[in-house]
>>> print(open('protein35.pdb').read())   # PDB, C-alpha atoms
ATOM      1  CA  MET A   1     -20.175  40.724  13.138
ATOM      2  CA  ILE A   2     -23.892  41.283  12.495
ATOM      3  CA  SER A   3     -24.775  41.975   8.866
ATOM      4  CA  THR A   4     -26.947  45.028   8.202
ATOM      5  CA  LYS A   5     -27.587  44.136   4.567
ATOM      6  CA  LYS A   6     -31.288  44.036   3.752
ATOM      7  CA  PRO A   7     -32.717  40.836   2.259
ATOM      8  CA  PRO A   8     -34.160  41.021  -1.281
ATOM      9  CA  LEU A   9     -37.463  42.893  -1.196
ATOM     10  CA  MET A  10     -39.752  39.988  -2.122
ATOM     11  CA  ASN A  11     -37.695  37.204  -0.553
ATOM     12  CA  CYS A  12     -39.865  35.083   1.767
ATOM     13  CA  GLU A  13     -38.467  33.046   4.636
ATOM     14  CA  ILE A  14     -39.883  30.940   7.445
ATOM     15  CA  ARG A  15     -39.333  32.584  10.818
ATOM     16  CA  HIS A  16     -41.091  29.973  12.942
ATOM     17  CA  SER A  17     -42.763  26.687  12.180
ATOM     18  CA  LEU A  18     -44.812  24.072  14.041
ATOM     19  CA  PRO A  19     -46.984  21.282  12.622
ATOM     20  CA  GLY A  20     -49.964  23.049  11.083
ATOM     21  CA  ARG A  21     -48.613  26.540  11.845
ATOM     22  CA  VAL A  22     -46.000  28.685  10.102
ATOM     23  CA  ARG A  23     -44.896  32.315  10.355
ATOM     24  CA  ILE A  24     -43.335  33.762   7.189
ATOM     25  CA  TYR A  25     -41.425  37.043   6.826
ATOM     26  CA  CYS A  26     -41.231  39.156   3.663
ATOM     27  CA  ARG A  27     -39.735  42.664   3.660
ATOM     28  CA  GLY A  28     -41.846  43.700   0.682
ATOM     29  CA  LEU A  29     -45.032  43.095   2.659
ATOM     30  CA  GLY A  30     -44.413  46.391   4.441
ATOM     31  CA  TYR A  31     -45.129  48.231   1.184
ATOM     32  CA  LEU A  32     -48.382  46.410   0.416
ATOM     33  CA  GLU A  33     -50.700  47.739   3.122
ATOM     34  CA  GLU A  34     -53.141  48.986   0.488
ATOM     35  CA  PHE A  35     -53.565  45.447  -0.864
ATOM     36  CA  ALA A  36     -53.428  43.540   2.442
ATOM     37  CA  SER A  37     -57.049  42.350   2.383
ATOM     38  CA  VAL A  38     -56.763  41.058  -1.199
ATOM     39  CA  ILE A  39     -53.483  39.264  -0.453
ATOM     40  CA  LYS A  40     -55.014  37.706   2.658
ATOM     41  CA  GLN A  41     -57.956  36.411   0.627
ATOM     42  CA  GLU A  42     -55.665  34.961  -2.057
ATOM     43  CA  LEU A  43     -53.703  33.074   0.597
ATOM     44  CA  GLU A  44     -56.849  31.805   2.324
ATOM     45  CA  ASP A  45     -58.020  30.373  -1.003
ATOM     46  CA  GLY A  46     -54.968  28.111  -1.097
ATOM     47  CA  VAL A  47     -55.103  24.346  -0.591
ATOM     48  CA  ALA A  48     -54.930  23.176   3.054
ATOM     49  CA  VAL A  49     -54.996  26.727   4.457
ATOM     50  CA  ASN A  50     -57.283  27.167   7.471
ATOM     51  CA  SER A  51     -56.620  30.797   8.434
ATOM     52  CA  VAL A  52     -54.295  33.684   7.626
ATOM     53  CA  SER A  53     -53.152  36.600   9.799
ATOM     54  CA  LEU A  54     -51.191  39.293   7.994
ATOM     55  CA  SER A  55     -49.284  42.274   9.403
ATOM     56  CA  THR A  56     -47.692  44.884   7.146
ATOM     57  CA  ILE A  57     -46.065  46.455  10.227
ATOM     58  CA  SER A  58     -44.073  43.388  11.276
ATOM     59  CA  ARG A  59     -44.043  42.223   7.625
ATOM     60  CA  THR A  60     -45.077  38.721   8.603
ATOM     61  CA  ILE A  61     -47.823  36.284   7.686
ATOM     62  CA  LEU A  62     -49.085  33.704  10.170
ATOM     63  CA  ILE A  63     -50.811  30.746   8.526
ATOM     64  CA  TYR A  64     -52.618  27.825  10.132
ATOM     65  CA  PHE A  65     -52.960  24.878   7.765
ATOM     66  CA  ASN A  66     -53.810  21.195   7.571
ATOM     67  CA  ALA A  67     -50.480  19.461   8.185
ATOM     68  CA  SER A  68     -51.728  16.239   6.601
ATOM     69  CA  GLU A  69     -52.310  18.005   3.277
ATOM     70  CA  ALA A  70     -49.354  20.394   3.059
ATOM     71  CA  SER A  71     -45.943  21.067   4.568
ATOM     72  CA  SER A  72     -44.441  24.347   5.770
ATOM     73  CA  ASP A  73     -42.267  24.498   2.658
ATOM     74  CA  GLU A  74     -45.303  24.110   0.408
ATOM     75  CA  ILE A  75     -47.046  26.924   2.267
ATOM     76  CA  LEU A  76     -43.890  29.024   1.852
ATOM     77  CA  ASP A  77     -43.977  28.368  -1.902
ATOM     78  CA  ARG A  78     -47.617  29.458  -1.986
ATOM     79  CA  VAL A  79     -46.852  32.706  -0.110
ATOM     80  CA  THR A  80     -43.863  33.407  -2.368
ATOM     81  CA  SER A  81     -46.034  32.932  -5.456
ATOM     82  CA  VAL A  82     -48.846  35.183  -4.196
ATOM     83  CA  LEU A  83     -46.563  37.978  -3.007
ATOM     84  CA  GLY A  84     -44.525  37.710  -6.196
ATOM     85  CA  SER A  85     -47.576  38.788  -8.177
ATOM     86  CA  TRP A  86     -47.569  42.034  -6.154
ATOM     87  CA  SER A  87     -43.849  42.686  -6.531
ATOM     88  CA  LEU A  88     -44.258  45.622  -8.949
ATOM     89  CA  SER A  89     -46.462  47.499  -6.473
ATOM     90  CA  ALA A  90     -43.990  46.832  -3.661
ATOM     91  CA  PHE A  91     -41.023  48.014  -5.732
ATOM     92  CA  LYS A  92     -42.871  51.215  -6.662
ATOM     93  CA  GLN A  93     -43.646  51.973  -3.020
ATOM     94  CA  GLU A  94     -40.071  51.244  -1.950
ATOM     95  CA  ARG A  95     -38.718  53.546  -4.658
ATOM     96  CA  ALA A  96     -41.147  56.307  -3.661
ATOM     97  CA  GLU A  97     -40.058  55.998  -0.033
ATOM     98  CA  ARG A  98     -36.389  56.109  -1.035
ATOM     99  CA  ASN A  99     -36.988  59.203  -3.184
ATOM    100  CA  ALA A 100     -38.785  60.924  -0.320
ATOM    101  CA  LYS A 101     -35.855  60.254   1.997
ATOM    102  CA  LEU A 102     -33.438  61.617  -0.593
ATOM    103  CA  LEU A 103     -35.545  64.763  -0.914
ATOM    104  CA  GLN A 104     -35.478  65.226   2.849
ATOM    105  CA  GLU A 105     -31.712  64.677   3.001
ATOM    106  CA  ARG A 106     -31.181  67.064   0.075
ATOM    107  CA  ARG A 107     -33.214  69.721   1.842
ATOM    108  CA  LEU A 108     -31.134  69.339   4.989
ATOM    109  CA  GLU A 109     -27.959  69.586   2.909
ATOM    110  CA  GLU A 110     -29.211  72.685   1.098
ATOM    111  CA  GLU A 111     -30.175  74.369   4.362
ATOM    112  CA  SER A 112     -26.941  74.665   6.310
ATOM    113  CA  VAL A 113     -26.715  74.885  10.074
ATOM    114  CA  GLY A 114     -26.147  78.632   9.684
ATOM    115  CA  THR A 115     -29.278  79.073   7.552
ATOM    116  CA  LEU A 116     -31.414  77.160  10.030
ATOM    117  CA  ALA A 117     -29.955  79.183  12.894
ATOM    118  CA  GLN A 118     -30.920  82.387  11.054
ATOM    119  CA  ARG A 119     -34.482  81.100  10.568
ATOM    120  CA  ILE A 120     -34.708  80.291  14.261
ATOM    121  CA  GLY A 121     -33.446  83.790  15.068
ATOM    122  CA  VAL A 122     -36.033  85.467  12.819
ATOM    123  CA  THR A 123     -38.843  83.330  14.243
ATOM    124  CA  SER A 124     -37.773  84.002  17.831
ATOM    125  CA  ILE A 125     -37.569  87.778  17.298
ATOM    126  CA  THR A 126     -40.995  87.854  15.622
ATOM    127  CA  LEU A 127     -42.502  85.796  18.440
ATOM    128  CA  LEU A 128     -40.979  88.075  21.059
ATOM    129  CA  PHE A 129     -42.297  91.172  19.272
ATOM    130  CA  ALA A 130     -45.771  89.621  18.948
ATOM    131  CA  TRP A 131     -45.855  88.775  22.660
ATOM    132  CA  LEU A 132     -44.616  92.199  23.780
ATOM    133  CA  ARG A 133     -46.828  94.175  21.398
ATOM    134  CA  PRO A 134     -49.881  92.076  20.535
ATOM    135  CA  GLY A 135     -51.956  93.561  17.742
ATOM    136  CA  PRO A 136     -55.754  93.661  17.554
ATOM    137  CA  ALA A 137     -57.575  90.490  16.556
ATOM    138  CA  PRO A 138     -58.200  90.335  12.767
ATOM    139  CA  GLN A 139     -61.745  91.372  11.894
ATOM    140  CA  THR A 140     -61.892  89.577   8.538
ATOM    141  CA  PHE A 141     -60.752  86.215   7.234
ATOM    142  CA  LEU A 142     -58.302  87.889   4.844
ATOM    143  CA  GLY A 143     -56.959  89.945   7.718
ATOM    144  CA  ARG A 144     -55.821  86.767   9.452
ATOM    145  CA  PHE A 145     -53.241  86.307   6.697
ATOM    146  CA  LEU A 146     -52.020  89.924   6.759
ATOM    147  CA  SER A 147     -50.804  90.284  10.339
ATOM    148  CA  MET A 148     -47.051  90.409  10.938
ATOM    149  CA  PRO A 149     -46.910  86.966  12.649
ATOM    150  CA  ALA A 150     -49.011  85.436   9.849
ATOM    151  CA  LEU A 151     -46.940  86.940   7.033
ATOM    152  CA  THR A 152     -43.696  85.889   8.729
ATOM    153  CA  ALA A 153     -45.051  82.391   9.319
ATOM    154  CA  MET A 154     -46.144  81.999   5.685
ATOM    155  CA  GLY A 155     -42.729  83.098   4.448
ATOM    156  CA  LEU A 156     -40.789  80.829   6.792
ATOM    157  CA  ALA A 157     -43.141  77.892   6.222
ATOM    158  CA  TRP A 158     -42.605  77.769   2.442
ATOM    159  CA  PRO A 159     -39.756  75.155   2.516
ATOM    160  CA  ILE A 160     -41.785  73.037   4.947
ATOM    161  CA  VAL A 161     -44.884  73.241   2.737
ATOM    162  CA  GLN A 162     -42.821  72.335  -0.349
ATOM    163  CA  ASN A 163     -41.323  69.234   1.247
ATOM    164  CA  GLY A 164     -44.669  68.158   2.678
ATOM    165  CA  ALA A 165     -46.323  68.491  -0.730
ATOM    166  CA  ARG A 166     -43.506  66.530  -2.408
ATOM    167  CA  SER A 167     -44.051  63.685   0.042
ATOM    168  CA  LEU A 168     -47.746  63.498  -0.848
ATOM    169  CA  ILE A 169     -47.003  63.590  -4.581
ATOM    170  CA  VAL A 170     -43.957  61.293  -4.684
ATOM    171  CA  GLN A 171     -44.542  58.921  -1.774
ATOM    172  CA  LYS A 172     -48.346  59.131  -1.720
ATOM    173  CA  ARG A 173     -48.283  59.537   2.055
ATOM    174  CA  PRO A 174     -47.690  62.418   4.506
ATOM    175  CA  ASN A 175     -44.404  62.977   6.293
ATOM    176  CA  ALA A 176     -43.513  65.160   9.278
ATOM    177  CA  ASP A 177     -43.385  68.285   7.092
ATOM    178  CA  THR A 178     -46.838  67.535   5.673
ATOM    179  CA  LEU A 179     -48.281  67.471   9.170
ATOM    180  CA  SER A 180     -46.322  70.560  10.232
ATOM    181  CA  SER A 181     -47.408  72.574   7.180
ATOM    182  CA  SER A 182     -51.045  71.541   7.726
ATOM    183  CA  ALA A 183     -50.858  72.711  11.341
ATOM    184  CA  ILE A 184     -49.184  75.989  10.313
ATOM    185  CA  LEU A 185     -51.758  76.797   7.622
ATOM    186  CA  ALA A 186     -54.624  75.848   9.943
ATOM    187  CA  SER A 187     -53.244  78.121  12.672
ATOM    188  CA  VAL A 188     -52.888  81.069  10.286
ATOM    189  CA  ALA A 189     -56.398  80.503   8.893
ATOM    190  CA  ALA A 190     -57.733  80.494  12.457
ATOM    191  CA  GLY A 191     -56.048  83.816  13.166
ATOM    192  CA  GLN A 192     -53.385  82.241  15.386
ATOM    193  CA  GLY A 193     -50.221  83.516  13.724
ATOM    194  CA  VAL A 194     -48.247  83.168  16.964
ATOM    195  CA  SER A 195     -49.174  79.478  17.160
ATOM    196  CA  ALA A 196     -47.982  79.018  13.571
ATOM    197  CA  LEU A 197     -44.650  80.653  14.420
ATOM    198  CA  THR A 198     -44.278  78.399  17.454
ATOM    199  CA  ILE A 199     -44.758  75.308  15.268
ATOM    200  CA  ILE A 200     -42.150  76.614  12.805
ATOM    201  CA  LEU A 201     -39.718  77.332  15.642
ATOM    202  CA  LEU A 202     -40.016  73.787  17.010
ATOM    203  CA  ALA A 203     -39.691  72.251  13.517
ATOM    204  CA  ASP A 204     -36.590  74.336  12.751
ATOM    205  CA  ILE A 205     -34.964  73.423  16.063
ATOM    206  CA  ALA A 206     -35.507  69.724  15.269
ATOM    207  CA  GLU A 207     -34.018  70.188  11.779
ATOM    208  CA  LEU A 208     -31.093  72.170  13.191
ATOM    209  CA  LEU A 209     -30.211  69.287  15.499
ATOM    210  CA  THR A 210     -30.510  66.803  12.606
ATOM    211  CA  ALA A 211     -28.419  68.961  10.246
ATOM    212  CA  TYR A 212     -25.796  69.514  12.944
ATOM    213  CA  THR A 213     -25.557  65.764  13.581
ATOM    214  CA  MET A 214     -25.230  65.039   9.835
ATOM    215  CA  ASP A 215     -22.548  67.734   9.500
ATOM    216  CA  ARG A 216     -20.549  66.334  12.407
ATOM    217  CA  THR A 217     -20.885  62.795  11.012
ATOM    218  CA  ARG A 218     -19.590  63.847   7.566
ATOM    219  CA  ASN A 219     -16.661  65.736   9.073
TER     220      ASN A 219
END
>>> encode(input="protein35.pdb", output="structure tokens")
Amino acid sequence: MISTKKPPLMNCEIRHSLPGRVRIYCRGLGYLEEFASVIKQELEDGVAVNSVSLSTISRTILIYFNASEASSDEILDRVTSVLGSWSLSAFKQERAERNAKLLQERRLEEESVGTLAQRIGVTSITLLFAWLRPGPAPQTFLGRFLSMPALTAMGLAWPIVQNGARSLIVQKRPNADTLSSSAILASVAAGQGVSALTIILLADIAELLTAYTMDRTRN
């Protein structure tokens, strides 16, 4: 049976080793993208190190070194020491990511399948009405926010905007709702209320499928 337990965040292990070449994995490296260049420089300043390639995506560090001056285990100790000095930053980023996921899950739990279905119904009816009876193009910037599609979009987009803003504040990075809310607000500001409603409709359909799957899994 394959274990799904995650290794300790700052635990470093050798994934592949040849004389003068070693690839080291550390899960915490994925949370240190902001400091990647500094970490790379600190490792390159080490004894016997010739070059360092670092990837926060694969969470690995590839180091070429002088095999006559150091062993793979000594290089591993050096990497462990350097990354250990950044452990607080990594733990903060991991916690922020975990909190953001909890916020997203809580939102899906708070919005039941029925609630999402109602939102989809309201959006669909408004879109249909806007297509069948298109109003005149807004003449002023303020007027772009006062059309029926725009007002409906702003009301329906509020939960999406809230979650997107929380992600920026808590996790310090955008999530899907951040991008969706940006697109919705940009569409409304451009006088494209129907486009904003279409984005909301697609986002709600995706959330409905996710909420339905979670509900079926729990039951």
>>> residues_near_point(input="protein35.pdb", point="(-50.3, 40.5, 8.7)", cutoff="12 Å", atoms="only C-alpha atoms", output="PyMOL selection string")
chain A and resi 23-27+29-33+35-41+43+51-63
>>> write_last_selection(input="protein35.pdb", atoms="C-alpha atoms", output="PDB file, in the frame of the given file")
ATOM      1  CA  ARG A  23     -44.896  32.315  10.355  1.00  0.00           C
ATOM      2  CA  ILE A  24     -43.335  33.762   7.189  1.00  0.00           C
ATOM      3  CA  TYR A  25     -41.425  37.043   6.826  1.00  0.00           C
ATOM      4  CA  CYS A  26     -41.231  39.156   3.663  1.00  0.00           C
ATOM      5  CA  ARG A  27     -39.735  42.664   3.660  1.00  0.00           C
ATOM      6  CA  LEU A  29     -45.032  43.095   2.659  1.00  0.00           C
ATOM      7  CA  GLY A  30     -44.413  46.391   4.441  1.00  0.00           C
ATOM      8  CA  TYR A  31     -45.129  48.231   1.184  1.00  0.00           C
ATOM      9  CA  LEU A  32     -48.382  46.410   0.416  1.00  0.00           C
ATOM     10  CA  GLU A  33     -50.700  47.739   3.122  1.00  0.00           C
ATOM     11  CA  PHE A  35     -53.565  45.447  -0.864  1.00  0.00           C
ATOM     12  CA  ALA A  36     -53.428  43.540   2.442  1.00  0.00           C
ATOM     13  CA  SER A  37     -57.049  42.350   2.383  1.00  0.00           C
ATOM     14  CA  VAL A  38     -56.763  41.058  -1.199  1.00  0.00           C
ATOM     15  CA  ILE A  39     -53.483  39.264  -0.453  1.00  0.00           C
ATOM     16  CA  LYS A  40     -55.014  37.706   2.658  1.00  0.00           C
ATOM     17  CA  GLN A  41     -57.956  36.411   0.627  1.00  0.00           C
ATOM     18  CA  LEU A  43     -53.703  33.074   0.597  1.00  0.00           C
ATOM     19  CA  SER A  51     -56.620  30.797   8.434  1.00  0.00           C
ATOM     20  CA  VAL A  52     -54.295  33.684   7.626  1.00  0.00           C
ATOM     21  CA  SER A  53     -53.152  36.600   9.799  1.00  0.00           C
ATOM     22  CA  LEU A  54     -51.191  39.293   7.994  1.00  0.00           C
ATOM     23  CA  SER A  55     -49.284  42.274   9.403  1.00  0.00           C
ATOM     24  CA  THR A  56     -47.692  44.884   7.146  1.00  0.00           C
ATOM     25  CA  ILE A  57     -46.065  46.455  10.227  1.00  0.00           C
ATOM     26  CA  SER A  58     -44.073  43.388  11.276  1.00  0.00           C
ATOM     27  CA  ARG A  59     -44.043  42.223   7.625  1.00  0.00           C
ATOM     28  CA  THR A  60     -45.077  38.721   8.603  1.00  0.00           C
ATOM     29  CA  ILE A  61     -47.823  36.284   7.686  1.00  0.00           C
ATOM     30  CA  LEU A  62     -49.085  33.704  10.170  1.00  0.00           C
ATOM     31  CA  ILE A  63     -50.811  30.746   8.526  1.00  0.00           C
TER      32      ILE A  63
END
>>> residues_near_point(input="protein35.pdb", point="(-57.4, 79.8, 14.0)", cutoff="12 Å", atoms="only C-alpha atoms", output="JSON list (two decimals) with C-alpha atoms, in the coordinates of the input")
[["chain", "number", "residue", "atom", "x", "y", "z"],
["A", 137, "ALA", "CA", -57.58, 90.49, 16.56],
["A", 138, "PRO", "CA", -58.20, 90.34, 12.77],
["A", 141, "PHE", "CA", -60.75, 86.22, 7.23],
["A", 143, "GLY", "CA", -56.96, 89.94, 7.72],
["A", 144, "ARG", "CA", -55.82, 86.77, 9.45],
["A", 145, "PHE", "CA", -53.24, 86.31, 6.70],
["A", 150, "ALA", "CA", -49.01, 85.44, 9.85],
["A", 183, "ALA", "CA", -50.86, 72.71, 11.34],
["A", 184, "ILE", "CA", -49.18, 75.99, 10.31],
["A", 185, "LEU", "CA", -51.76, 76.80, 7.62],
["A", 186, "ALA", "CA", -54.62, 75.85, 9.94],
["A", 187, "SER", "CA", -53.24, 78.12, 12.67],
["A", 188, "VAL", "CA", -52.89, 81.07, 10.29],
["A", 189, "ALA", "CA", -56.40, 80.50, 8.89],
["A", 190, "ALA", "CA", -57.73, 80.49, 12.46],
["A", 191, "GLY", "CA", -56.05, 83.82, 13.17],
["A", 192, "GLN", "CA", -53.38, 82.24, 15.39],
["A", 193, "GLY", "CA", -50.22, 83.52, 13.72],
["A", 194, "VAL", "CA", -48.25, 83.17, 16.96],
["A", 195, "SER", "CA", -49.17, 79.48, 17.16],
["A", 196, "ALA", "CA", -47.98, 79.02, 13.57]]
>>> resolve_selection(input="protein35.pdb", expression="the PyMOL selection byres ((chain A and resi 127) around 8)", output="ChimeraX atom specification")
/A:123-126,128-131,149,194,197-198
>>> resolve_selection(input="protein35.pdb", expression="the PyMOL selection byres ((chain A and resi 9-21) around 10)", output="VMD selection string")
chain A and resid 6 to 8 22 to 31 48 to 51 60 to 73 75 to 77 79 to 81 83 to 88 90 to 91 94
>>> write_last_selection(input="protein35.pdb", atoms="C-alpha atoms", output="tab-separated table (two decimals), keeping the file's coordinate frame")
chain	number	residue	atom	x	y	z
A	6	LYS	CA	-31.29	44.04	3.75
A	7	PRO	CA	-32.72	40.84	2.26
A	8	PRO	CA	-34.16	41.02	-1.28
A	22	VAL	CA	-46.00	28.68	10.10
A	23	ARG	CA	-44.90	32.32	10.36
A	24	ILE	CA	-43.34	33.76	7.19
A	25	TYR	CA	-41.42	37.04	6.83
A	26	CYS	CA	-41.23	39.16	3.66
A	27	ARG	CA	-39.74	42.66	3.66
A	28	GLY	CA	-41.85	43.70	0.68
A	29	LEU	CA	-45.03	43.10	2.66
A	30	GLY	CA	-44.41	46.39	4.44
A	31	TYR	CA	-45.13	48.23	1.18
A	48	ALA	CA	-54.93	23.18	3.05
A	49	VAL	CA	-55.00	26.73	4.46
A	50	ASN	CA	-57.28	27.17	7.47
A	51	SER	CA	-56.62	30.80	8.43
A	60	THR	CA	-45.08	38.72	8.60
A	61	ILE	CA	-47.82	36.28	7.69
A	62	LEU	CA	-49.08	33.70	10.17
A	63	ILE	CA	-50.81	30.75	8.53
A	64	TYR	CA	-52.62	27.82	10.13
A	65	PHE	CA	-52.96	24.88	7.76
A	66	ASN	CA	-53.81	21.20	7.57
A	67	ALA	CA	-50.48	19.46	8.18
A	68	SER	CA	-51.73	16.24	6.60
A	69	GLU	CA	-52.31	18.00	3.28
A	70	ALA	CA	-49.35	20.39	3.06
A	71	SER	CA	-45.94	21.07	4.57
A	72	SER	CA	-44.44	24.35	5.77
A	73	ASP	CA	-42.27	24.50	2.66
A	75	ILE	CA	-47.05	26.92	2.27
A	76	LEU	CA	-43.89	29.02	1.85
A	77	ASP	CA	-43.98	28.37	-1.90
A	79	VAL	CA	-46.85	32.71	-0.11
A	80	THR	CA	-43.86	33.41	-2.37
A	81	SER	CA	-46.03	32.93	-5.46
A	83	LEU	CA	-46.56	37.98	-3.01
A	84	GLY	CA	-44.52	37.71	-6.20
A	85	SER	CA	-47.58	38.79	-8.18
A	86	TRP	CA	-47.57	42.03	-6.15
A	87	SER	CA	-43.85	42.69	-6.53
A	88	LEU	CA	-44.26	45.62	-8.95
A	90	ALA	CA	-43.99	46.83	-3.66
A	91	PHE	CA	-41.02	48.01	-5.73
A	94	GLU	CA	-40.07	51.24	-1.95
>>> residues_around(input="protein35.pdb", residues="stretch 166-181 of chain A", least_positions_apart="3", cutoff="8 Å", atoms="only C-alpha atoms", output="MDAnalysis selection string")
chainID A and resid 93 96:97 99:100 157 160:163 184:185 199:200 203
>>> decode(input="protein35.pdb", residues="stretch 64-79 of chain A", atoms="C-alpha atoms", output="PDB file, in the first residue's frame")
ATOM      1  CA  TYR A  64      27.199  19.988  -9.417  1.00  0.00           C
ATOM      2  CA  PHE A  65      30.187  19.834  -7.081  1.00  0.00           C
ATOM      3  CA  ASN A  66      33.819  18.799  -6.828  1.00  0.00           C
ATOM      4  CA  ALA A  67      33.649  15.148  -5.771  1.00  0.00           C
ATOM      5  CA  SER A  68      37.227  15.227  -4.489  1.00  0.00           C
ATOM      6  CA  GLU A  69      36.342  17.929  -1.955  1.00  0.00           C
ATOM      7  CA  ALA A  70      32.865  16.900  -0.798  1.00  0.00           C
ATOM      8  CA  SER A  71      30.466  13.966  -0.800  1.00  0.00           C
ATOM      9  CA  SER A  72      26.758  13.880  -1.639  1.00  0.00           C
ATOM     10  CA  ASP A  73      25.923  13.599   2.056  1.00  0.00           C
ATOM     11  CA  GLU A  74      27.976  16.697   2.849  1.00  0.00           C
ATOM     12  CA  ILE A  75      26.165  18.602   0.109  1.00  0.00           C
ATOM     13  CA  LEU A  76      22.864  17.363   1.560  1.00  0.00           C
ATOM     14  CA  ASP A  77      23.893  18.702   4.978  1.00  0.00           C
ATOM     15  CA  ARG A  78      24.712  22.058   3.391  1.00  0.00           C
ATOM     16  CA  VAL A  79      21.313  22.238   1.641  1.00  0.00           C
TER      17      VAL A  79
END
